Structures are given as structure tokens and as C-alpha cells.
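Written below as C-alpha cells is the structure these notes are about.
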2 protein chains.
Amino acid sequence: MNFCTECGAQVVQRIPDLDDRLRHVCVACGMIHYQNPKVIVGLLPTWQGKVLLCKRAIEPRLGKWTLPAGFMENGEAAEQGARRETMEEAGAAIAQTYIYREFDIPAINQIYLFYRGEMASADFCAGVESLEVALFDEADIPWHELAFPVMSDILAEYFEDRRSGVFGMRSGEPNYLVLAT
Amino acid sequence: MNFCTECGAQVVQRIPDLDDRLRHVCVACGMIHYQNPKVIVGLLPTWQGKVLLCKRAIEPRLGKWTLPAGFMENGEAAEQGARRETMEEAGAAIAQTYIYREFDIPAINQIYLFYRGEMASADFCAGVESLEVALFDEADIPWHELAFPVMSDILAEYFEDRRSGVFGMRSGEPNYLVLAT
């Protein structure tokens, strides 16, 4: 960040009064420009025992498989954002959803909130950000062709939970320390 | 937003290619400035059946009671942020934490993630943003002096869960539609 969004003057990094960390502060109008983590909302759609995955049509990880997910938008609730991404990327509507997983990736200032839910029908289709969308049995999950470590984590946890019959909310950093970008 | 953070030129609002909503876009360098919800992380600290609350020393809602909470910072995990706010505002260390509540307030582009946990000891003290910090039995909670509706919600849900013995993760918009600012 080089310039103030409000007045266009230069910003410098300094620690404001009563604060304890460097912020971008405008030299002219004094505005403090806080930077905070971004929320990625996603969904694990299921249909009669299978899981719906999307093959990415965009970078990063073009051609790799992922669960529908994307940046939460202003003006929406997290669950609403997860449903929106699922419709945009996979053309799938979901019946009841359940909050399921929170992941932190502090190294890249991201926090993921994942829901799970059975699809409202067998309908799905590839959105503009997907090359292909398909339902997978556990045995057929393309583990080595998944786009991001958080996707491997949540899928592995989901199948583990399904065997135990208990779908508890999980929270924290992913098992894999590889970055998601 | 009036000016580009990177080059200082003017920004205009337009819908970028392959997008479906207005974004701030720089007329000179073309950078798209996405704006996304901010995460507030908080904690419901307990000690031997009581709940720890802070009386706010800052606006908004100066003089009203709240659970420790604040904006999640870049470079931290959500649970780590909730612990940080609890230490800053209430001088309290927490033993084991559990993710407990997700609230959406889309009207003001905020998402809240609350944890709960027993304090590591009986020690606490007012931080610079608190006038006073105190432990409350359920019967003594200052319901009409709470700072924000989400605080009433999570406290009511907590006591309800404590009676049932089941502390399930809850997610969604608050029961009260009053805004939190």
C-alpha cells in the first residue's frame, strides 16, 4: 500500500497511539488503513454418498480438483456465500447446510469457513471457473490431483467423520503446512 | 474509496470482466480493489461457573459490558486472535478453547467467530480498552447493559447450552436484527 484511498496522499507505516503494531497511516489526512484477513467460504456438497468436486478452469492450480469455495463478499452471510460459490462453480443447489470446518492460514492472511450439505437434486454443471464438475465415491477421490491442501484435509476428515457417524465442527490450522496458493 | 492504493490515481466503480458486481477499479493501473467482510474474533471466558465480562472504556458503547472481542489481525489464526483480545481487554489466559459460535452481520460486512474456554487461573485485570472486568453468575448478568446484541445472543445460548449439557457449534445471523454498531 502506497497511497491513501480517501485523499490520495502518501501513506507511511507507523504504530498509531494505543496500538501495538505497524499500520499504514496517511501523512495528509491521518487515516489509519487496517488490513485484516480475508474469509474464504466453501461447501462440501454430497449426493447419495458421493462428493461433488470441480476441476479448476482458472489459476492458481488450473486443472486440479477442488471443493467449491471463494472469497466471501460484502453484504452476504458466510453460509450464503458458500451456497453462492457452489452455484457459481458447480451449478448445484444444496438442501440443509451445516457449518463444518474452520481453517486458518495465517501466513497468507486467510481464514476458511466450510459448510457441508446434501444437494437438493442430482443437478450440477460446470460454471465459468470450472472445466468439469463430477461426483466422486470415496475410493475415486483424485487425492493427488487436488488443488489445495485444505481440500485434502477437509475431504479426509469428512470420510473419517462419516465412518464414525459424528460430524463435529473442527477448527484450526490445516494438517498440512504447505501454503494454499 | 477514491484513490488507488498502489499508484494513487482515481478509482471508479465498474463490473470487471467475468465478475458480476461493482468493484473499485483504478483508471490508471487497472488494479481491482476488492472489499470483503472483516472478521471479529471473541471469547467467552468462564471460571468456576461464572462468565468474565468487560466494561468498555471506548466508543462505541462506552460503559456497556461485553465479551472480549476485536478485529482479527493479519498473520494470526482465529483462535489465537480470540486469546489475544481476551488478554488485551481482560488480562485473562484461557486453558483449552472450543469454537462455539459464528455470527453474520451482512449489513455491516462483519463476521464474528467466538470461542469459549475455562480460564487458566482466577487472574484477570482491566486492559486499556476496559473500565472494569468482572466475573458474573448467570443471575447477575447485566442483560440491559450489554454493549451489542451478539453478546446477549451468545450469553443466552451459552446458559441454555450449559443447562442441556450440549455445547454445539452454532452458525448464522443473530437472533436480534439490531445492528451491532
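By order in the C-alpha cells, chains are A, B, ...; within a chain, residues start at 1; ligands start at 1, following the order shown.
If we count only C-alpha atoms, these residues of chain A sit within 6 Å of chain B: Met1, Asn2, Phe3, Thr5, Glu6, Gly8, Asn36, Pro37, Glu73, Asn74, Gly75, Glu76, Ala77, Asp104, Pro106, Ala107 and Asn109 of chain A.
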* To do: Can you list, as a PyMOL selection string, all residues belonging to chain A that DSSP tags as strand (DSSP E or B)?
  => chain A and resi 3+10-14+23-26+32-33+38-47+50-56+65-66+69-71+94-105+110-119+130-136+146+170-172
* To do: Name the residues in contact with Asp20 (chain B) at a cut-off of 12 Å, using only C-alpha atoms, excluding same-chain residues fewer than 4 positions from it; report them as a ChimeraX atom specification.
  => /A:73,84,88 /B:14-16
* To do: Figure out the distance between CA of Met31 (chain B) and CA of Glu132 (chain A), please, to one decimal in Å.
  =>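 Separation of CA of Glu132 (chain A) and CA of Met31 (chain B): 29.4 Å.
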Write out as an mmCIF file with C-alpha atoms, in the first residue's frame the set of residues from region 1-175 of chain A that DSSP, computed on the backbone, places in helix (DSSP H, G or I).
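Okay, this is what ended up in selection03.cif:
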data_model
loop_
_atom_site.group_PDB
_atom_site.id
_atom_site.type_symbol
_atom_site.label_atom_id
_atom_site.label_comp_id
_atom_site.auth_asym_id
_atom_site.auth_seq_id
_atom_site.Cartn_x
_atom_site.Cartn_y
_atom_site.Cartn_z
ATOM 1 C CA ALA A 78 -20.963 -16.859 5.305
ATOM 2 C CA GLU A 79 -23.374 -19.689 4.556
ATOM 3 C CA GLN A 80 -24.984 -17.634 1.795
ATOM 4 C CA GLY A 81 -21.522 -17.091 0.278
ATOM 5 C CA ALA A 82 -20.775 -20.812 0.414
ATOM 6 C CA ARG A 83 -24.040 -21.545 -1.413
ATOM 7 C CA ARG A 84 -23.285 -18.805 -3.975
ATOM 8 C CA GLU A 85 -19.855 -20.272 -4.745
ATOM 9 C CA THR A 86 -21.390 -23.741 -5.068
ATOM 10 C CA MET A 87 -23.951 -22.461 -7.546
ATOM 11 C CA GLU A 88 -21.381 -20.392 -9.493
ATOM 12 C CA GLU A 89 -18.693 -23.057 -9.774
ATOM 13 C CA ALA A 90 -20.727 -26.265 -9.750
ATOM 14 C CA PRO A 106 -2.111 -17.058 8.882
ATOM 15 C CA ALA A 107 0.913 -16.992 6.565
ATOM 16 C CA ILE A 108 -1.317 -15.694 3.773
ATOM 17 C CA GLU A 138 -14.518 -42.027 -1.611
ATOM 18 C CA ALA A 139 -12.466 -44.656 -3.464
ATOM 19 C CA ASP A 140 -12.262 -42.454 -6.556
ATOM 20 C CA TRP A 143 -6.135 -37.242 -3.873
ATOM 21 C CA HIS A 144 -3.007 -36.396 -5.860
ATOM 22 C CA GLU A 145 -4.852 -34.043 -8.159
ATOM 23 C CA PRO A 149 -4.045 -28.863 0.978
ATOM 24 C CA VAL A 150 -7.172 -27.636 2.785
ATOM 25 C CA MET A 151 -9.228 -29.624 0.290
ATOM 26 C CA SER A 152 -7.330 -32.840 1.089
ATOM 27 C CA ASP A 153 -7.771 -32.115 4.791
ATOM 28 C CA ILE A 154 -11.479 -31.498 4.734
ATOM 29 C CA LEU A 155 -12.193 -34.475 2.465
ATOM 30 C CA ALA A 156 -10.097 -36.833 4.622
ATOM 31 C CA GLU A 157 -11.846 -35.523 7.745
ATOM 32 C CA TYR A 158 -15.242 -35.860 6.115
ATOM 33 C CA PHE A 159 -14.759 -39.535 5.239
ATOM 34 C CA GLU A 160 -13.357 -40.181 8.720
ATOM 35 C CA ASP A 161 -16.393 -38.473 10.285
ATOM 36 C CA ARG A 162 -18.747 -40.376 8.012
ATOM 37 C CA ARG A 163 -17.313 -43.667 9.223
ATOM 38 C CA SER A 164 -17.692 -42.605 12.865
#
* To do: Report the distance between CA of Lys64 (chain B) and CA of Ser130 (chain B) in Å, rounded to one decimal place.
  => 9.8 Å
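Near His33 (chain B), within 7 Å and counting only C-alpha atoms, sit Arg23, His24 and Val25 of chain B; same-chain residues fewer than 6 positions away were not included.
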* **Nearest-residue call for Phe114 (chain B), choices B:Gly49, B:Thr66, B:Ala147, B:Leu43, using only C-alpha atoms** =>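 Residue with the minimum atom-to-atom distance to Phe114 (chain B): B:Leu43.
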Show which residues sit within 12 Å of Ala122 (chain B), as a CSV table (one decimal) with C-alpha atoms, in the first residue's frame. Count only C-alpha atoms, and ignore same-chain residues fewer than 6 positions away.
chain,number,residue,atom,x,y,z
B,45,PRO,CA,-14.2,-16.9,29.3
B,46,THR,CA,-15.6,-18.9,32.2
B,47,TRP,CA,-14.3,-19.5,35.7
B,48,GLN,CA,-16.0,-22.0,38.1
B,49,GLY,CA,-19.5,-21.4,36.7
B,50,LYS,CA,-19.1,-17.6,36.2
B,51,VAL,CA,-18.6,-15.6,32.9
B,52,LEU,CA,-16.0,-12.9,32.5
B,90,ALA,CA,-9.4,-8.7,30.3
B,91,GLY,CA,-5.9,-9.8,31.3
B,92,ALA,CA,-7.1,-13.4,31.3
B,93,ALA,CA,-5.4,-16.5,30.0
B,94,ILE,CA,-7.6,-19.4,28.8
B,95,ALA,CA,-6.9,-23.1,29.1
B,134,ALA,CA,-15.7,-8.9,36.4
B,135,LEU,CA,-17.0,-12.4,36.8
* **Coordinates-based distance that separates CA of Ala69 (chain B) from CA of Asp19 (chain A) (Å, one decimal)** => 15.4 Å
